[in-house]
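What follows is the content of final00.pdb, which has PDB, C-alpha atoms:
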ATOM      1  CA  MET A1334      17.200 185.019  58.100
ATOM      2  CA  LYS A1335      15.958 186.845  61.145
ATOM      3  CA  ALA A1336      12.474 188.200  61.722
ATOM      4  CA  ILE A1337      12.111 191.124  64.089
ATOM      5  CA  ILE A1338       8.527 191.625  65.192
ATOM      6  CA  ASN A1339       7.391 194.731  67.018
ATOM      7  CA  ILE A1340       4.071 194.396  68.800
ATOM      8  CA  SER A1341       2.278 197.351  70.343
ATOM      9  CA  LEU A1342      -1.185 198.334  71.449
ATOM     10  CA  LYS A1343      -3.342 199.666  68.620
ATOM     11  CA  ALA A1344      -3.761 203.389  68.218
ATOM     12  CA  GLY A1345      -6.835 204.267  70.232
ATOM     13  CA  VAL A1346      -6.211 201.571  72.848
ATOM     14  CA  LEU A1347      -4.997 203.290  75.998
ATOM     15  CA  ASP A1348      -1.395 202.340  76.786
ATOM     16  CA  SER A1349      -1.255 202.624  80.594
ATOM     17  CA  GLN A1350       2.415 201.675  80.789
ATOM     18  CA  GLY A1351       3.325 204.250  78.158
ATOM     19  CA  LYS A1352       1.372 206.859  80.087
ATOM     20  CA  ALA A1353       3.148 206.002  83.352
ATOM     21  CA  VAL A1354       6.550 206.205  81.659
ATOM     22  CA  HIS A1355       5.568 209.535  80.114
ATOM     23  CA  HIS A1356       4.757 210.860  83.597
ATOM     24  CA  ALA A1357       8.085 209.544  84.877
ATOM     25  CA  LEU A1358       9.970 211.288  82.054
ATOM     26  CA  ASP A1359       8.121 214.508  82.856
ATOM     27  CA  SER A1360       9.041 214.255  86.509
ATOM     28  CA  LEU A1361      12.681 213.820  85.501
ATOM     29  CA  HIS A1362      12.304 217.093  83.557
ATOM     30  CA  PHE A1363      12.818 215.558  80.111
ATOM     31  CA  SER A1364      10.866 217.937  77.944
ATOM     32  CA  GLY A1365       9.682 217.569  74.367
ATOM     33  CA  VAL A1366       8.200 214.087  74.654
ATOM     34  CA  ASN A1367       4.722 214.160  73.142
ATOM     35  CA  ASP A1368       3.740 210.538  73.575
ATOM     36  CA  VAL A1369       5.139 207.234  74.840
ATOM     37  CA  ARG A1370       4.003 203.869  73.560
ATOM     38  CA  ILE A1371       5.369 200.654  75.014
ATOM     39  CA  GLY A1372       5.434 197.425  73.106
ATOM     40  CA  LYS A1373       7.371 194.225  72.905
ATOM     41  CA  GLN A1374       9.839 192.808  70.459
ATOM     42  CA  VAL A1375      10.017 189.178  69.386
ATOM     43  CA  ILE A1376      13.083 188.042  67.424
ATOM     44  CA  LEU A1377      12.856 184.824  65.454
ATOM     45  CA  GLN A1378      15.807 183.018  63.895
ATOM     46  CA  LEU A1379      14.424 181.419  60.734
ATOM     47  CA  ASP A1380      15.920 178.598  58.695
ATOM     48  CA  THR A1381      14.847 180.048  55.348
ATOM     49  CA  ASP A1382      16.209 182.765  53.079
ATOM     50  CA  ASP A1383      12.998 183.010  51.104
ATOM     51  CA  LYS A1384      11.573 186.390  52.061
ATOM     52  CA  THR A1385       8.109 185.750  50.672
ATOM     53  CA  LYS A1386       7.774 182.472  52.540
ATOM     54  CA  ALA A1387       9.226 183.974  55.717
ATOM     55  CA  MET A1388       6.812 186.899  55.583
ATOM     56  CA  ALA A1389       3.841 184.596  55.050
ATOM     57  CA  ASP A1390       4.901 182.272  57.880
ATOM     58  CA  VAL A1391       5.651 185.026  60.364
ATOM     59  CA  THR A1392       2.412 186.849  59.553
ATOM     60  CA  LYS A1393       0.533 183.659  60.366
ATOM     61  CA  MET A1394       2.495 183.330  63.632
ATOM     62  CA  CYS A1395       1.539 186.886  64.573
ATOM     63  CA  GLU A1396      -2.122 186.380  63.746
ATOM     64  CA  GLU A1397      -2.372 183.091  65.634
ATOM     65  CA  LEU A1398      -0.147 183.625  68.638
ATOM     66  CA  LEU A1399       2.351 186.459  68.855
ATOM     67  CA  ALA A1400      -0.138 189.334  68.763
ATOM     68  CA  ASN A1401      -3.701 189.627  69.996
ATOM     69  CA  THR A1402      -5.195 191.547  67.101
ATOM     70  CA  VAL A1403      -8.168 192.643  69.186
ATOM     71  CA  ILE A1404      -5.864 195.087  70.972
ATOM     72  CA  GLU A1405      -2.454 194.883  69.289
ATOM     73  CA  ASP A1406      -0.783 195.751  65.984
ATOM     74  CA  TYR A1407       2.410 194.137  64.763
ATOM     75  CA  GLU A1408       5.179 195.040  62.333
ATOM     76  CA  ILE A1409       7.503 192.481  60.820
ATOM     77  CA  GLU A1410      11.016 193.255  59.654
ATOM     78  CA  LEU A1411      13.107 190.610  57.905
ATOM     79  CA  VAL A1412      16.892 190.972  58.060
TER
ATOM     80  CA  MET B 985     -24.530 167.646  88.163
ATOM     81  CA  LYS B 986     -20.979 167.068  87.078
ATOM     82  CA  VAL B 987     -18.442 169.875  86.878
ATOM     83  CA  SER B 988     -15.156 169.399  85.042
ATOM     84  CA  ILE B 989     -12.400 171.868  85.894
ATOM     85  CA  LEU B 990      -9.459 172.494  83.573
ATOM     86  CA  GLN B 991      -5.951 172.606  84.961
ATOM     87  CA  PHE B 992      -3.040 174.102  83.030
ATOM     88  CA  PRO B 993       0.515 174.454  84.297
ATOM     89  CA  GLY B 994       0.186 177.565  86.480
ATOM     90  CA  THR B 995      -3.525 177.212  87.248
ATOM     91  CA  ASN B 996      -4.022 177.791  90.980
ATOM     92  CA  CYS B 997      -7.761 178.121  91.601
ATOM     93  CA  GLU B 998      -8.824 174.635  90.544
ATOM     94  CA  TYR B 999      -9.115 173.287  94.103
ATOM     95  CA  ASP B1000     -11.034 176.354  95.363
ATOM     96  CA  THR B1001     -13.380 175.909  92.424
ATOM     97  CA  GLN B1002     -13.711 172.206  93.144
ATOM     98  CA  HIS B1003     -14.455 172.901  96.803
ATOM     99  CA  ALA B1004     -17.061 175.535  95.925
ATOM    100  CA  PHE B1005     -18.989 173.294  93.539
ATOM    101  CA  GLU B1006     -18.811 170.306  95.869
ATOM    102  CA  GLU B1007     -20.209 172.445  98.683
ATOM    103  CA  LEU B1008     -23.140 173.084  96.362
ATOM    104  CA  GLY B1009     -23.640 169.372  95.838
ATOM    105  CA  ALA B1010     -21.973 168.842  92.459
ATOM    106  CA  THR B1011     -19.510 166.092  91.676
ATOM    107  CA  THR B1012     -16.290 167.432  90.225
ATOM    108  CA  GLN B1013     -13.300 166.313  88.277
ATOM    109  CA  ILE B1014     -10.056 168.101  87.490
ATOM    110  CA  ILE B1015      -8.937 167.718  83.886
ATOM    111  CA  TRP B1016      -5.251 168.102  83.018
ATOM    112  CA  HIS B1017      -4.682 170.267  79.945
ATOM    113  CA  LYS B1018      -3.005 167.449  78.003
ATOM    114  CA  GLU B1019      -6.267 165.515  77.859
ATOM    115  CA  GLU B1020      -7.796 165.498  74.407
ATOM    116  CA  THR B1021     -11.304 164.792  75.584
ATOM    117  CA  ILE B1022     -13.516 165.909  78.416
ATOM    118  CA  PRO B1023     -15.880 163.523  80.229
ATOM    119  CA  GLU B1024     -19.066 163.114  78.193
ATOM    120  CA  ASP B1025     -21.332 163.565  81.185
ATOM    121  CA  THR B1026     -19.877 167.018  81.955
ATOM    122  CA  ASP B1027     -22.676 169.493  82.732
ATOM    123  CA  LEU B1028     -20.363 172.462  83.230
ATOM    124  CA  LEU B1029     -16.774 172.984  82.156
ATOM    125  CA  VAL B1030     -14.821 175.515  84.217
ATOM    126  CA  VAL B1031     -11.582 177.146  83.140
ATOM    127  CA  ALA B1032     -10.207 177.989  86.573
ATOM    128  CA  GLY B1033      -8.124 180.994  87.572
ATOM    129  CA  GLY B1034      -4.391 181.266  88.034
ATOM    130  CA  PHE B1035      -1.453 182.035  85.795
ATOM    131  CA  SER B1036      -1.445 179.461  83.024
ATOM    132  CA  TYR B1037       2.022 179.244  81.471
ATOM    133  CA  GLY B1038       3.170 182.015  83.792
ATOM    134  CA  ASP B1039       1.160 184.541  81.759
ATOM    135  CA  TYR B1040       4.033 184.423  79.257
ATOM    136  CA  LEU B1041       3.501 186.482  76.090
ATOM    137  CA  ARG B1042      -0.017 187.478  77.221
ATOM    138  CA  SER B1043      -2.353 186.086  79.875
ATOM    139  CA  GLY B1044      -4.059 183.026  78.419
ATOM    140  CA  ALA B1045      -2.249 183.253  75.072
ATOM    141  CA  ILE B1046      -0.373 179.975  75.299
ATOM    142  CA  ALA B1047      -3.022 177.970  77.138
ATOM    143  CA  LYS B1048      -5.334 178.323  74.164
ATOM    144  CA  PHE B1049      -3.157 175.840  72.249
ATOM    145  CA  SER B1050      -3.309 173.118  74.896
ATOM    146  CA  PRO B1051      -4.799 169.839  73.615
ATOM    147  CA  VAL B1052      -7.849 170.111  75.869
ATOM    148  CA  MET B1053      -8.878 173.400  74.258
ATOM    149  CA  LYS B1054     -10.024 171.655  71.070
ATOM    150  CA  ALA B1055     -12.301 169.510  73.193
ATOM    151  CA  LEU B1056     -13.496 172.636  74.994
ATOM    152  CA  SER B1057     -14.360 174.368  71.700
ATOM    153  CA  ALA B1058     -16.215 171.305  70.456
ATOM    154  CA  TYR B1059     -18.082 171.081  73.773
ATOM    155  CA  ALA B1060     -19.057 174.764  73.594
ATOM    156  CA  ASP B1061     -20.103 174.459  69.929
ATOM    157  CA  LYS B1062     -22.546 171.739  70.921
ATOM    158  CA  GLY B1063     -24.073 174.090  73.469
ATOM    159  CA  GLY B1064     -22.130 172.816  76.485
ATOM    160  CA  LYS B1065     -21.851 175.315  79.326
ATOM    161  CA  VAL B1066     -18.415 176.834  79.907
ATOM    162  CA  LEU B1067     -17.370 179.213  82.696
ATOM    163  CA  GLY B1068     -14.019 181.023  82.680
ATOM    164  CA  ILE B1069     -12.959 182.664  85.920
ATOM    165  CA  CYS B1070     -10.120 185.231  85.942
ATOM    166  CA  ASN B1071      -7.315 183.564  83.960
ATOM    167  CA  GLY B1072     -10.050 181.317  82.557
ATOM    168  CA  PHE B1073     -11.783 184.435  81.181
ATOM    169  CA  GLN B1074      -8.479 185.512  79.628
ATOM    170  CA  VAL B1075      -8.032 182.067  78.056
ATOM    171  CA  LEU B1076     -11.562 182.144  76.588
ATOM    172  CA  THR B1077     -11.073 185.604  75.047
ATOM    173  CA  GLU B1078      -7.675 184.585  73.638
ATOM    174  CA  ALA B1079      -9.290 181.473  72.178
ATOM    175  CA  GLY B1080     -11.956 183.628  70.517
ATOM    176  CA  LEU B1081     -14.794 181.973  72.443
ATOM    177  CA  LEU B1082     -15.664 185.258  74.116
ATOM    178  CA  PRO B1083     -15.423 188.738  72.549
ATOM    179  CA  GLY B1084     -12.880 191.365  73.617
ATOM    180  CA  ALA B1085      -9.535 191.123  75.393
ATOM    181  CA  LEU B1086      -8.072 191.706  78.846
ATOM    182  CA  LYS B1087      -5.349 194.348  79.094
ATOM    183  CA  ARG B1088      -3.027 195.346  81.920
ATOM    184  CA  ASN B1089      -4.925 197.186  84.695
ATOM    185  CA  ASP B1090      -4.904 200.941  84.101
ATOM    186  CA  GLY B1091      -3.218 201.556  87.459
ATOM    187  CA  LEU B1092      -0.572 198.945  86.498
ATOM    188  CA  HIS B1093      -0.903 197.298  89.907
ATOM    189  CA  PHE B1094      -2.046 193.794  90.697
ATOM    190  CA  ILE B1095      -5.371 194.285  92.500
ATOM    191  CA  SER B1096      -6.460 191.808  95.167
ATOM    192  CA  LYS B1097      -9.514 192.808  97.206
ATOM    193  CA  HIS B1098     -13.243 192.402  97.589
ATOM    194  CA  HIS B1099     -15.215 194.426  95.066
ATOM    195  CA  TYR B1100     -18.892 195.005  94.452
ATOM    196  CA  LEU B1101     -20.453 193.977  91.168
ATOM    197  CA  LYS B1102     -23.834 194.796  89.706
ATOM    198  CA  VAL B1103     -25.871 192.244  87.794
ATOM    199  CA  GLN B1104     -26.653 193.673  84.351
ATOM    200  CA  ASN B1105     -28.330 190.710  82.689
ATOM    201  CA  ASN B1106     -29.786 187.749  84.520
ATOM    202  CA  ASN B1107     -31.423 186.311  81.428
ATOM    203  CA  ASN B1108     -28.901 183.454  81.363
ATOM    204  CA  ILE B1109     -28.251 180.324  83.344
ATOM    205  CA  PHE B1110     -25.272 181.786  85.222
ATOM    206  CA  LEU B1111     -27.067 184.688  86.894
ATOM    207  CA  GLU B1112     -30.672 183.542  86.857
ATOM    208  CA  LYS B1113     -30.728 183.236  90.656
ATOM    209  CA  LEU B1114     -30.038 186.956  90.919
ATOM    210  CA  ASN B1115     -32.058 189.965  89.811
ATOM    211  CA  ASN B1116     -30.911 192.662  87.449
ATOM    212  CA  GLY B1117     -29.496 195.483  89.552
ATOM    213  CA  ASP B1118     -28.509 193.199  92.434
ATOM    214  CA  VAL B1119     -25.124 194.075  93.930
ATOM    215  CA  VAL B1120     -22.828 191.258  95.016
ATOM    216  CA  ASN B1121     -19.565 191.293  96.922
ATOM    217  CA  ILE B1122     -16.946 189.144  95.191
ATOM    218  CA  PRO B1123     -13.133 189.150  95.426
ATOM    219  CA  ILE B1124     -11.023 190.247  92.486
ATOM    220  CA  ALA B1125      -7.358 189.281  92.064
ATOM    221  CA  HIS B1126      -5.780 190.213  88.759
ATOM    222  CA  HIS B1127      -3.112 192.184  86.955
ATOM    223  CA  ASP B1128      -4.676 191.965  83.505
ATOM    224  CA  GLY B1129      -8.356 192.560  84.130
ATOM    225  CA  ASN B1130      -8.867 195.676  82.063
ATOM    226  CA  TYR B1131     -11.586 194.556  79.655
ATOM    227  CA  PHE B1132     -11.306 196.037  76.184
ATOM    228  CA  ILE B1133     -13.650 195.785  73.237
ATOM    229  CA  ASP B1134     -13.999 198.169  70.300
ATOM    230  CA  GLU B1135     -17.040 200.388  69.826
ATOM    231  CA  ASN B1136     -18.874 198.100  67.442
ATOM    232  CA  GLY B1137     -18.166 195.090  69.612
ATOM    233  CA  LEU B1138     -19.518 196.951  72.630
ATOM    234  CA  LYS B1139     -22.734 197.858  70.795
ATOM    235  CA  GLU B1140     -23.179 194.228  69.894
ATOM    236  CA  LEU B1141     -22.628 193.143  73.509
ATOM    237  CA  TYR B1142     -25.412 195.445  74.666
ATOM    238  CA  ALA B1143     -27.714 194.544  71.794
ATOM    239  CA  ASN B1144     -27.469 190.850  72.697
ATOM    240  CA  ASN B1145     -27.555 191.298  76.497
ATOM    241  CA  GLN B1146     -24.046 189.855  76.785
ATOM    242  CA  VAL B1147     -22.807 192.202  79.511
ATOM    243  CA  LEU B1148     -23.241 190.155  82.687
ATOM    244  CA  LEU B1149     -21.609 192.144  85.476
ATOM    245  CA  THR B1150     -20.059 195.571  86.029
ATOM    246  CA  TYR B1151     -17.836 196.903  88.813
ATOM    247  CA  THR B1152     -19.627 199.182  91.271
ATOM    248  CA  ASP B1153     -19.572 200.380  94.860
ATOM    249  CA  ALA B1154     -21.819 198.867  97.544
ATOM    250  CA  ASP B1155     -24.744 201.016  96.378
ATOM    251  CA  GLY B1156     -24.443 199.965  92.767
ATOM    252  CA  ASN B1157     -22.811 203.172  91.522
ATOM    253  CA  VAL B1158     -20.104 202.793  88.895
ATOM    254  CA  LYS B1159     -16.683 202.191  90.416
ATOM    255  CA  ASN B1160     -14.023 201.024  88.034
ATOM    256  CA  PRO B1161     -10.952 199.392  89.615
ATOM    257  CA  ASN B1162      -8.983 198.551  86.477
ATOM    258  CA  GLY B1163     -10.021 200.700  83.524
ATOM    259  CA  SER B1164     -12.378 198.197  81.904
ATOM    260  CA  VAL B1165     -14.576 199.573  79.111
ATOM    261  CA  ASP B1166     -17.902 200.549  80.741
ATOM    262  CA  SER B1167     -16.609 198.919  83.974
ATOM    263  CA  ILE B1168     -17.382 195.502  82.522
ATOM    264  CA  ALA B1169     -16.404 192.619  84.824
ATOM    265  CA  GLY B1170     -17.969 189.701  82.950
ATOM    266  CA  VAL B1171     -19.536 188.829  79.600
ATOM    267  CA  CYS B1172     -21.021 185.852  77.799
ATOM    268  CA  ASN B1173     -21.184 184.768  74.177
ATOM    269  CA  LYS B1174     -24.191 185.411  71.957
ATOM    270  CA  GLU B1175     -25.511 181.904  72.474
ATOM    271  CA  LYS B1176     -25.313 182.400  76.274
ATOM    272  CA  ASN B1177     -23.513 179.162  77.022
ATOM    273  CA  VAL B1178     -19.954 180.507  77.433
ATOM    274  CA  PHE B1179     -19.384 182.835  80.386
ATOM    275  CA  GLY B1180     -16.315 184.730  81.549
ATOM    276  CA  LEU B1181     -15.600 187.051  84.452
ATOM    277  CA  MET B1182     -12.530 188.425  86.196
ATOM    278  CA  PRO B1183     -13.902 188.264  89.786
ATOM    279  CA  HIS B1184     -13.771 185.000  91.744
ATOM    280  CA  PRO B1185     -17.219 183.749  92.846
ATOM    281  CA  GLU B1186     -15.581 180.530  94.090
ATOM    282  CA  ARG B1187     -13.792 182.621  96.729
ATOM    283  CA  ALA B1188     -17.056 184.040  98.066
ATOM    284  CA  MET B1189     -18.682 180.952  99.568
ATOM    285  CA  GLU B1190     -18.525 181.714 103.324
ATOM    286  CA  VAL B1191     -19.765 184.757 105.240
ATOM    287  CA  LEU B1192     -16.965 184.120 107.695
ATOM    288  CA  LEU B1193     -14.449 184.698 104.890
ATOM    289  CA  GLY B1194     -15.953 187.970 103.742
ATOM    290  CA  SER B1195     -18.939 187.066 101.561
ATOM    291  CA  ASP B1196     -21.064 184.178 100.403
ATOM    292  CA  ASP B1197     -22.483 185.974  97.385
ATOM    293  CA  GLY B1198     -20.642 183.535  95.119
ATOM    294  CA  VAL B1199     -23.133 180.849  96.130
ATOM    295  CA  LYS B1200     -25.995 182.647  94.366
ATOM    296  CA  MET B1201     -23.896 182.927  91.226
ATOM    297  CA  LEU B1202     -22.579 179.396  90.967
ATOM    298  CA  GLU B1203     -25.931 177.898  92.018
ATOM    299  CA  GLY B1204     -27.401 179.029  88.706
ATOM    300  CA  PHE B1205     -25.460 176.299  86.951
ATOM    301  CA  LEU B1206     -26.752 173.656  89.321
ATOM    302  CA  ALA B1207     -30.387 174.499  88.772
ATOM    303  CA  SER B1208     -30.470 173.016  85.291
TER
END
Could you spell out this file's structure in structure tokens?
Amino acid sequence: MKAIINISLKAGVLDSQGKAVHHALDSLHFSGVNDVRIGKQVILQLDTDDKTKAMADVTKMCEELLANTVIEDYEIELV
Amino acid sequence: MKVSILQFPGTNCEYDTQHAFEELGATTQIIWHKEETIPEDTDLLVVAGGFSYGDYLRSGAIAKFSPVMKALSAYADKGGKVLGICNGFQVLTEAGLLPGALKRNDGLHFISKHHYLKVQNNNNIFLEKLNNGDVVNIPIAHHDGNYFIDENGLKELYANNQVLLTYTDADGNVKNPNGSVDSIAGVCNKEKNVFGLMPHPERAMEVLLGSDDGVKMLEGFLAS
């Protein structure tokens, strides 16, 4: 099973990189973009097929290492 | 006075820090991150600046799991004095020993220059040689120095006099180089034995090299 984890800055925490990219898109005349948020993706290859166990393990990994929950949110997708 | 200085793979300010404290008359020792203990007679434990683990994942995120960090936490819990400079500050926030987090600078650039700082609270061993409102000239050199803490956390910092230093101009007016909440450059824990700051006092030890204001800061630790 694979875990795909998307980590991004929390809503309300200014995303300077997102803002810079938004400006760049504007200057390239791409219209209709209201907001840009930049995050990172971590992909884990897991040796289990037990979704409940995988979710519990990966959540713990996010809380302890993969995300800094002071400033970041994370979403886990198991595939 | 014995100062122990932590060294992770990627740390690069440990020898500057060593030099600075030895100039002030302390004996020093560099401690490799694989050590599981720190010398018992340590009076001050410094987490030096640099780029531990190449800043992979997040600055300081991987260093917090090094074996020596358990010893550091135990030392701090017993009231031992800990100072984190730059990457050391990032490591201490990641480890949960100091509140808040350090984000990418708002301007996205690495900033390396002298900057003025204003002393906000000298009621602690680190800054007791300075007066509140004093302005010091100390180099900064960081990419992720944008201090963030949520509203409640910020209120608590002020309520407990944990804000140590803020970024200013030479006259002490607010000047924020990196987007830090309330221009905060350094904080301490509630118990006032764990200190962290992004600027580098160990690089401000000689007038000839731009400033010796770091002496007044680091001397505080030697007074005890």
Output check: residues returned by the ChimeraX specification (/A :<9) & /B, as number ranges by chain: B: 1041-1042, 1045-1046, 1078, 1083-1092, 1132-1134
Among listed residues B:Ser1195, B:His1017, B:Ala1188, B:Gly1117, nearest Asn1157 in chain B (using only C-alpha atoms): B:Gly1117
Residues matched by the PyMOL selection byres ((chain A and resi 1366) around 12), written as a PDB file with C-alpha atoms, in the frame of the given file:
ATOM      1  CA  GLY A1351       3.325 204.250  78.158  1.00  0.00           C
ATOM      2  CA  LYS A1352       1.372 206.859  80.087  1.00  0.00           C
ATOM      3  CA  VAL A1354       6.550 206.205  81.659  1.00  0.00           C
ATOM      4  CA  HIS A1355       5.568 209.535  80.114  1.00  0.00           C
ATOM      5  CA  HIS A1356       4.757 210.860  83.597  1.00  0.00           C
ATOM      6  CA  ALA A1357       8.085 209.544  84.877  1.00  0.00           C
ATOM      7  CA  LEU A1358       9.970 211.288  82.054  1.00  0.00           C
ATOM      8  CA  ASP A1359       8.121 214.508  82.856  1.00  0.00           C
ATOM      9  CA  SER A1360       9.041 214.255  86.509  1.00  0.00           C
ATOM     10  CA  LEU A1361      12.681 213.820  85.501  1.00  0.00           C
ATOM     11  CA  HIS A1362      12.304 217.093  83.557  1.00  0.00           C
ATOM     12  CA  PHE A1363      12.818 215.558  80.111  1.00  0.00           C
ATOM     13  CA  SER A1364      10.866 217.937  77.944  1.00  0.00           C
ATOM     14  CA  GLY A1365       9.682 217.569  74.367  1.00  0.00           C
ATOM     15  CA  ASN A1367       4.722 214.160  73.142  1.00  0.00           C
ATOM     16  CA  ASP A1368       3.740 210.538  73.575  1.00  0.00           C
ATOM     17  CA  VAL A1369       5.139 207.234  74.840  1.00  0.00           C
ATOM     18  CA  ARG A1370       4.003 203.869  73.560  1.00  0.00           C
TER      19      ARG A1370
END
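The list of residues with at least one atom within 12 Å of Leu1138 in chain B, based on only C-alpha atoms and without residues fewer than 5 positions apart in the same chain, reads B:Pro1083, B:Gly1084, B:Ala1085, B:Tyr1131, B:Phe1132, B:Ile1133, B:Ala1143, B:Asn1144, B:Asn1145, B:Gln1146, B:Val1147, B:Ser1164, B:Val1165, B:Asp1166, B:Ser1167, B:Ile1168, B:Val1171.
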Output of the PyMOL selection byres ((chain B and resi 993-996) around 8), listed as a PyMOL selection string: chain B and resi 991-992+997-999+1017+1032-1038
Nearest to Pro1123 in chain B, chosen from B:Asp1153, B:Ser1057, B:Asn1173, B:Gly1194, with all atoms listed in the file counted in the distances: B:Gly1194
Residues within 8 Å of (-16.9, 166.2, 88.3), counting all atoms listed in the file, listed as number ranges by chain: B: 985-989, 1010-1014, 1026
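Considering only C-alpha atoms, the residue among A:Ile1340, A:Ala1389, A:Val1412, A:Cys1395 positioned nearest to Ile1371 in chain A is A:Ile1340.
When CA of Ala1344 in chain A is paired with CA of Tyr1407 in chain A, their separation reads 11.6 Å.
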Selected residue of minimal separation from Ile1338 in chain A among A:Ala1387, A:Asp1382, A:Thr1392, A:Glu1408, counting all atoms listed in the file: A:Glu1408
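In this structure, CA of Val1075 in chain B sits 25.8 Å away from CA of Glu1007 in chain B.
Taking CA of Phe1110 in chain B and CA of Arg1187 in chain B as the two end points, the separation is 16.3 Å.
Near Gly1063 in chain B, within a cut-off of 10 Å and counting all atoms listed in the file, sit the residues Ser1057, Ala1058, Glu1175, Lys1176, Asn1177 and Val1178 of chain B, with same-chain residues fewer than 5 positions away left out.
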